[in-house]
Structures are given as structure tokens and as C-alpha cells.
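Chemist: One structure is given below, represented as C-alpha cells, and several questions about it will come after.
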Amino acid sequence: MVLVPYLDLEKIHNEIRDELTAAANRVMESRWFINGKEDAKFEEAFATYCGVKLCVGTGNGLDALRLILLAYGIGEGDEVIVPANTFIATALAVTYVGATPVFVDADINTYNVDVQQIEAHITDKTKAIIAVHLYGRIARMDEICELAKKYSLKVIEDAAQAHGAMLCGRKAGSFGDAAAFSFYPGKNLGALGDAGAVVTDDDEVAEKVRALGNYGSYQKYHHVYQGCNSRLDELQAAFLEIKLKNLEKWNEERRQIAKRYSDEIRNPKVILPPACENEKENVFHIYPVLVEGREGFMDYLKEKGVATLVHYPIPIMQQQAYAELADRADLYPVTCRICAQEVSLPLYPGMTKEQIDWVIECVNGYK
Ligand SMILES: *Cc1c(COP(=O)(O)O)cnc(C)c1O
């Protein structure tokens, strides 16, 4: 038996341990912890990496989304198109600002939003489409941007799971009007704590996001908006800058592991994630398989030492927090199926060949 945790950051942190320690010492010595040089340096590096003009650090990914919506003046009475199959943060950002999320079901061929169904959900109240690159796979941005153009809507990318994913030479975060990233530790680019960022080519939005996350002020003690406190710490920015330099390598490793799973897992009970046409379109934040009677499969793997997770077990409209939407669940059959059957296999840079072999052997041996 080989033990395979769902995620283990030890290997990648060992690779850069000395650099991380030096960065922590540097920040401590500088005696400057918020809104300083480290933040500016990371923001510039991350904007360049994403192929956009501007990056503004935030406290986390949810705030990044929320601040984009606020910066665009989206709020009460407005509707925002949101994929039904996503992490709850996408919807929370919308309801936080007082707008109404209008859910659109997933496409079984991508697990991302079904672009064919978006147009029917657009009304005269719709202000924006949030495109989520779920599990690390870029959503159908060409169609989404075309629809947005037709109806004069903003396109906001929730790129929290897709750092570095690439399509037609463009990176996740560079397709829409603005994009939100999370650097939650388990993400493909993760801090050593909570952190997030907004990237955009739009100067006005970047400036407004920065002010909104800094008590609504451009100038100390002059408050233009009723803002909040959501900034990227110097310490996290310094860590992220180091990790960013390794992101391409780590994403490539994720893709190699995913390729082995897709090539070698053969079990009629286990449906593999839909293939992409372009290799770099998916950075495999998650490797989702569908299995009927998921509990038995997960228990079986657990006994074999292989940890799994579910992303996500309950559709947003069936969450207690959104009880008022409960009766609408049957409008999202694909999302409900994914939520009922999805199992995430372990996949992270630093997995050993032995661990990967073992996962494949165990999944293939499941009856
Ligand atoms: C992680 C995540 C978020 C939220 O990021 P936090 O940093 O945890 O606030 C938003 N959307 C998606 C799709 C995510 O996976």
C-alpha cells in the first residue's frame, strides 16, 4: 500500500524553503507589512505573467470578485450570470453586493457553464457574466465574450482555479474585463495564508478596486467610498513572487499527472474528465471523475490509502444559505449530476511516480 494524501505541499515547499525563509526575514527586517514594495513587485510580476496591464492584490479571492463587482457599480436590482457548477464564493460575491445571481447549468462536455444556455438567461437587468474556469479548465471565453459584447455586459473571470491556464496564446485572467484570482494555499498558485488579486487592463477599475479595498481611500484619511479592508500583505506577496517563478513548472507537472490518469485509468465505472483540444487549456487544479455510488468508491480508495475529496457535494441553490432558491434545483440537471457523482483524485506537484501508479492501479481495480 502507498499512502497518497489528497494534497501535500511539503515537496514544493522544500524546493523553495530557503527562498521563502529569506523572504520572511526580509519582510520582517523591512518593518513594513502592508502596501509596500513586495506587494508592488508581485503585482507587476503577476500582471505580466497573466498578460494584462494591471494587478491589484486583495485579501482573498472572494474579495477580489466582490471588489470587481463594486467597482463596476453592480448592486441592488442588477442580475449577474453565474455558472451553477462552481464554488459558492462566485455566488456569494454577487449576493454580497446586493445583486441577484442568475444560474446557468453546466455543460457535460466541459463541466464549465453551458454557453448555449446563457443567452436565454439574459434580461434587461443583466449587467455581467462571471465566467469560472472550474477545475483549472478555461471556460468558452470566445462565445462568452461575444454574447457580452452583443448585450453590452461586463465579463468577469473567476480564475481562482486556473492560474496559468492558456488558450489561443492567452492566459486565464486576460479574456474578460477583469479577473479575480485566489491564492488560497491549496490553489495552483497558493500563498501561506489567505490572499487574492484582481487583474485587468482597465485603469479605472484597478484604481477603484485598490481604493475600495483600502477603506475607500486614495489618500490616507480621505475616504471617497465606504470601502473595506482587503489588501495583500507584504509577507504573502513576497512568498507569492517566489512561487510564481515556479508556477509553469508545477502546472506542467500537474498536466503530466493528469495525462497519466487519462491515459491509464480504464474502468467502466469511472468517467474521466472531458478531454480538451489544447494541451495548456487546463491546469488541473482538480482532476474530477464521475462515479455512480460515489461513497463506495471513496471508501474503497480510502482503505487503499488514497485520499479523495468532492468538489462540490451540494449545488449552490440547495445550500442552506440559499434556501430561497431550493425549488430551482431541477433546472440544473447537469450540475446536480456532477454534484452527486464527482470525486476529485489526488493530483499535485511533487507526487511520486509510486503514488501516481498506485492511484491508477487502485482506481482500475475498483469493482
Ligand atoms: C477558491 C475559490 C474562490 C475564493 O477564493 P478565496 O481566496 O478562498 O476567497 C472563488 N472562486 C473559486 C472558483 C474558487 O475555487
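How things are named: the first chain in the C-alpha cells is A, the next is B, and so on; residues count from 1 in each chain; ligands count from 1 in the order shown.
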Just the residues within 12 Å of Val115 (chain A), please, counting only C-alpha atoms, with nothing from its chain fewer than 5 positions along; format it as a list of chain:residue names.

Modeler: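 Non-adjacent residues within range: A:Ile81, A:Val82, A:Pro83, A:Phe103, A:Val104, A:Asp105, A:Ala106, A:Asp107, A:Ile108, A:Asn109, A:Thr110, A:Ala120, A:His121, A:Ile122, A:Ile129, A:Ile130, A:Ala131, A:Val132, A:Ala139, A:Arg140, A:Met141, A:Asp142, A:Glu143, A:Ile144, A:Cys145, A:Glu146, A:Leu147, A:Ala148.
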
Chemist: Which residues are near ligand 1 - at most 8 Å, using only C-alpha atoms and all ligand atoms? Format: as number ranges by chain.

Modeler: A: 59-65, 86-90, 132-135, 158-161, 180-184, 187, 194-196

Chemist: Compare A:Gly176, A:Gly169, A:Gly216, A:Pro313 by their minimum atom-to-atom distance to Glu157 (chain A), counting only C-alpha atoms, and give me the closest one.

Modeler: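 Ranking A:Gly176, A:Gly169, A:Gly216, A:Pro313 by distance to Glu157 (chain A), first place goes to A:Gly176.
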
Chemist: Extract, using only C-alpha atoms, all DNA, RNA and protein residues at most 7 Å from Lys125 (chain A), discarding same-chain residues fewer than 2 positions from it, and format them as an NGL selection string.

Modeler: :A and (78-79 or 123 or 127)

Chemist: If you run DSSP over the backbone, which residues in region 175-365 of chain A end up strand (DSSP E)? Put them as a list in words.

Modeler: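 Secondary structure check on region 175-365 of chain A, strand (DSSP E): Ala178, Ala179, Ala180, Phe181, Ser182, Gly196, Ala197, Val198, Val199, Thr200, Ser217, Tyr218, Gln219, His222, His223, Tyr287, Pro288, Val289, Leu290, Glu342, Val343, Ser344 and Leu345 of chain A.
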
Chemist: Would you put the residues from that selection into a file with N, CA, C and O atoms, as a PDB file, in the first residue's frame?

Modeler:
```pdb
ATOM      1  N   ALA A 178     -12.221  42.079 -16.357  1.00  0.00           N
ATOM      2  CA  ALA A 178     -11.416  41.988 -15.138  1.00  0.00           C
ATOM      3  C   ALA A 178     -11.510  40.552 -14.636  1.00  0.00           C
ATOM      4  O   ALA A 178     -12.477  39.845 -14.949  1.00  0.00           O
ATOM      5  N   ALA A 179     -10.507  40.139 -13.876  1.00  0.00           N
ATOM      6  CA  ALA A 179     -10.495  38.763 -13.380  1.00  0.00           C
ATOM      7  C   ALA A 179     -10.102  38.728 -11.922  1.00  0.00           C
ATOM      8  O   ALA A 179      -9.311  39.553 -11.457  1.00  0.00           O
ATOM      9  N   ALA A 180     -10.656  37.754 -11.217  1.00  0.00           N
ATOM     10  CA  ALA A 180     -10.336  37.555  -9.803  1.00  0.00           C
ATOM     11  C   ALA A 180      -9.539  36.275  -9.649  1.00  0.00           C
ATOM     12  O   ALA A 180      -9.873  35.240 -10.228  1.00  0.00           O
ATOM     13  N   PHE A 181      -8.475  36.353  -8.862  1.00  0.00           N
ATOM     14  CA  PHE A 181      -7.676  35.180  -8.510  1.00  0.00           C
ATOM     15  C   PHE A 181      -7.702  34.994  -6.999  1.00  0.00           C
ATOM     16  O   PHE A 181      -7.762  35.973  -6.252  1.00  0.00           O
ATOM     17  N   SER A 182      -7.622  33.744  -6.598  1.00  0.00           N
ATOM     18  CA  SER A 182      -7.414  33.417  -5.186  1.00  0.00           C
ATOM     19  C   SER A 182      -6.039  32.783  -5.055  1.00  0.00           C
ATOM     20  O   SER A 182      -5.633  32.006  -5.918  1.00  0.00           O
ATOM     21  N   GLY A 196      -5.372  37.187  -2.449  1.00  0.00           N
ATOM     22  CA  GLY A 196      -6.070  37.189  -3.736  1.00  0.00           C
ATOM     23  C   GLY A 196      -5.608  38.361  -4.570  1.00  0.00           C
ATOM     24  O   GLY A 196      -4.752  39.151  -4.140  1.00  0.00           O
ATOM     25  N   ALA A 197      -6.153  38.470  -5.785  1.00  0.00           N
ATOM     26  CA  ALA A 197      -5.793  39.598  -6.645  1.00  0.00           C
ATOM     27  C   ALA A 197      -6.842  39.802  -7.729  1.00  0.00           C
ATOM     28  O   ALA A 197      -7.543  38.868  -8.116  1.00  0.00           O
ATOM     29  N   VAL A 198      -6.889  41.045  -8.191  1.00  0.00           N
ATOM     30  CA  VAL A 198      -7.689  41.401  -9.371  1.00  0.00           C
ATOM     31  C   VAL A 198      -6.694  41.722 -10.473  1.00  0.00           C
ATOM     32  O   VAL A 198      -5.706  42.428 -10.233  1.00  0.00           O
ATOM     33  N   VAL A 199      -6.927  41.211 -11.679  1.00  0.00           N
ATOM     34  CA  VAL A 199      -6.116  41.642 -12.817  1.00  0.00           C
ATOM     35  C   VAL A 199      -7.036  42.232 -13.876  1.00  0.00           C
ATOM     36  O   VAL A 199      -8.171  41.789 -14.042  1.00  0.00           O
ATOM     37  N   THR A 200      -6.557  43.241 -14.572  1.00  0.00           N
ATOM     38  CA  THR A 200      -7.375  43.930 -15.568  1.00  0.00           C
ATOM     39  C   THR A 200      -6.506  44.850 -16.433  1.00  0.00           C
ATOM     40  O   THR A 200      -5.397  45.213 -16.038  1.00  0.00           O
ATOM     41  N   SER A 217     -10.212  54.716   0.203  1.00  0.00           N
ATOM     42  CA  SER A 217      -9.430  55.952   0.105  1.00  0.00           C
ATOM     43  C   SER A 217      -8.291  55.833  -0.910  1.00  0.00           C
ATOM     44  O   SER A 217      -7.677  54.780  -1.055  1.00  0.00           O
ATOM     45  N   TYR A 218      -8.056  56.900  -1.619  1.00  0.00           N
ATOM     46  CA  TYR A 218      -6.894  57.023  -2.497  1.00  0.00           C
ATOM     47  C   TYR A 218      -5.760  57.696  -1.734  1.00  0.00           C
ATOM     48  O   TYR A 218      -4.595  57.569  -2.049  1.00  0.00           O
ATOM     49  N   GLN A 219      -6.162  58.459  -0.746  1.00  0.00           N
ATOM     50  CA  GLN A 219      -5.226  59.258   0.026  1.00  0.00           C
ATOM     51  C   GLN A 219      -5.558  59.050   1.497  1.00  0.00           C
ATOM     52  O   GLN A 219      -6.747  59.045   1.872  1.00  0.00           O
ATOM     53  N   HIS A 222      -8.652  60.270   3.676  1.00  0.00           N
ATOM     54  CA  HIS A 222      -9.647  60.893   2.795  1.00  0.00           C
ATOM     55  C   HIS A 222     -10.435  59.765   2.154  1.00  0.00           C
ATOM     56  O   HIS A 222      -9.915  59.060   1.290  1.00  0.00           O
ATOM     57  N   HIS A 223     -11.683  59.573   2.599  1.00  0.00           N
ATOM     58  CA  HIS A 223     -12.441  58.394   2.187  1.00  0.00           C
ATOM     59  C   HIS A 223     -13.519  58.756   1.167  1.00  0.00           C
ATOM     60  O   HIS A 223     -14.457  59.466   1.467  1.00  0.00           O
ATOM     61  N   TYR A 287      -8.684  17.083 -10.532  1.00  0.00           N
ATOM     62  CA  TYR A 287      -8.916  16.045 -11.529  1.00  0.00           C
ATOM     63  C   TYR A 287     -10.235  15.360 -11.170  1.00  0.00           C
ATOM     64  O   TYR A 287     -10.280  14.485 -10.293  1.00  0.00           O
ATOM     65  N   PRO A 288     -11.320  15.797 -11.814  1.00  0.00           N
ATOM     66  CA  PRO A 288     -12.647  15.312 -11.399  1.00  0.00           C
ATOM     67  C   PRO A 288     -13.075  14.068 -12.198  1.00  0.00           C
ATOM     68  O   PRO A 288     -13.100  14.099 -13.419  1.00  0.00           O
ATOM     69  N   VAL A 289     -13.409  12.993 -11.517  1.00  0.00           N
ATOM     70  CA  VAL A 289     -14.031  11.853 -12.194  1.00  0.00           C
ATOM     71  C   VAL A 289     -15.477  11.737 -11.697  1.00  0.00           C
ATOM     72  O   VAL A 289     -15.813  12.267 -10.631  1.00  0.00           O
ATOM     73  N   LEU A 290     -16.314  11.115 -12.490  1.00  0.00           N
ATOM     74  CA  LEU A 290     -17.699  10.890 -12.074  1.00  0.00           C
ATOM     75  C   LEU A 290     -17.897   9.400 -11.823  1.00  0.00           C
ATOM     76  O   LEU A 290     -17.501   8.570 -12.640  1.00  0.00           O
ATOM     77  N   GLU A 342     -19.332  13.528  -8.513  1.00  0.00           N
ATOM     78  CA  GLU A 342     -17.941  13.951  -8.669  1.00  0.00           C
ATOM     79  C   GLU A 342     -17.050  13.434  -7.532  1.00  0.00           C
ATOM     80  O   GLU A 342     -17.432  13.463  -6.357  1.00  0.00           O
ATOM     81  N   VAL A 343     -15.862  12.984  -7.913  1.00  0.00           N
ATOM     82  CA  VAL A 343     -14.815  12.619  -6.957  1.00  0.00           C
ATOM     83  C   VAL A 343     -13.502  13.195  -7.487  1.00  0.00           C
ATOM     84  O   VAL A 343     -13.165  13.003  -8.651  1.00  0.00           O
ATOM     85  N   SER A 344     -12.779  13.922  -6.643  1.00  0.00           N
ATOM     86  CA  SER A 344     -11.501  14.508  -7.055  1.00  0.00           C
ATOM     87  C   SER A 344     -10.366  13.583  -6.633  1.00  0.00           C
ATOM     88  O   SER A 344     -10.215  13.280  -5.450  1.00  0.00           O
ATOM     89  N   LEU A 345      -9.578  13.136  -7.612  1.00  0.00           N
ATOM     90  CA  LEU A 345      -8.434  12.276  -7.308  1.00  0.00           C
ATOM     91  C   LEU A 345      -7.251  13.152  -6.883  1.00  0.00           C
ATOM     92  O   LEU A 345      -7.131  14.289  -7.322  1.00  0.00           O
TER      93      LEU A 345
END
```

Chemist: Given only C-alpha atoms as the basis, pick out the residue of A:Lys280, A:Lys11, A:Lys302, A:Arg337 nearest to Cys168 (chain A).

Modeler: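 Among the listed residues, the smallest separation from Cys168 (chain A) belongs to A:Lys280.
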
Chemist: Taking the DSSP secondary structure from the backbone, can you list the residues of region 102-309 of chain A that are alpha helix (DSSP H), as JSON, numbers by chain?

Modeler: {"A": [141, 142, 143, 144, 145, 146, 147, 148, 149, 150, 203, 204, 205, 206, 207, 208, 209, 210, 211, 212, 234, 235, 236, 237, 238, 239, 240, 241, 242, 243, 244, 245, 246, 247, 248, 249, 250, 251, 252, 253, 254, 255, 256, 257, 258, 259, 260, 261, 262, 263, 264, 294, 295, 296, 297, 298, 299, 300, 301, 302, 303]}

Chemist: Which one of A:Val283, A:Ala84, A:Ile356, A:Cys276 sits closest to Pro333 (chain A) if you count only C-alpha atoms?

Modeler: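 With only C-alpha atoms as the atom set, the closest residue is A:Ala84.
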
Chemist: Name the residues in contact with Ile360 (chain A) at a cut-off of 7 Å, using only C-alpha atoms, excluding same-chain residues fewer than 3 positions from it; report them as a PyMOL selection string.

Modeler: chain A and resi 261+264-265+356-357+363-364

Chemist: With distances taken over only C-alpha atoms, which residue among A:Leu192, A:Ala206, A:Leu331, A:Val113 lies nearest Tyr72 (chain A)?

Modeler: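 Checking each of A:Leu192, A:Ala206, A:Leu331, A:Val113 against Tyr72 (chain A), counting only C-alpha atoms, the winner is A:Ala206.
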
Chemist: Report, in Å to a single decimal, how far apart CA of Asn282 (chain A) and CA of Arg254 (chain A) are.

Modeler: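 Those two atoms sit 9.5 Å apart.
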
Chemist: Just checking: using only C-alpha atoms, which residue out of A:Thr335, A:Met28, A:Pro273, A:Lys171 ends up closest to Asp114 (chain A)?

Modeler: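 Checking each of A:Thr335, A:Met28, A:Pro273, A:Lys171 against Asp114 (chain A), counting only C-alpha atoms, the winner is A:Thr335.
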
Chemist: Quick one: residues within 9 Å of Ile314 (chain A), only C-alpha atoms counted, chain neighbours fewer than 4 positions away excluded, as a ChimeraX atom specification?

Modeler: /A:318-319,336,339-340

Chemist: Which residue out of A:Gln341, A:Pro315, A:Tyr6, A:Ile34 has the minimum interatomic distance to Leu272 (chain A) when only C-alpha atoms are used?

Modeler: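 Closest candidate: A:Gln341.
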
Chemist: Extract, using only C-alpha atoms, all DNA, RNA and protein residues at most 12 Å from Glu204 (chain A), discarding same-chain residues fewer than 5 positions from it, and format them as a list in words.

Modeler: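 Listing them by chain and then by number gives Lys53, Leu54, Val56, Ile68, Ala71, Tyr72, Asp177, Ala178, Val209, Arg210 and Ala211 of chain A.
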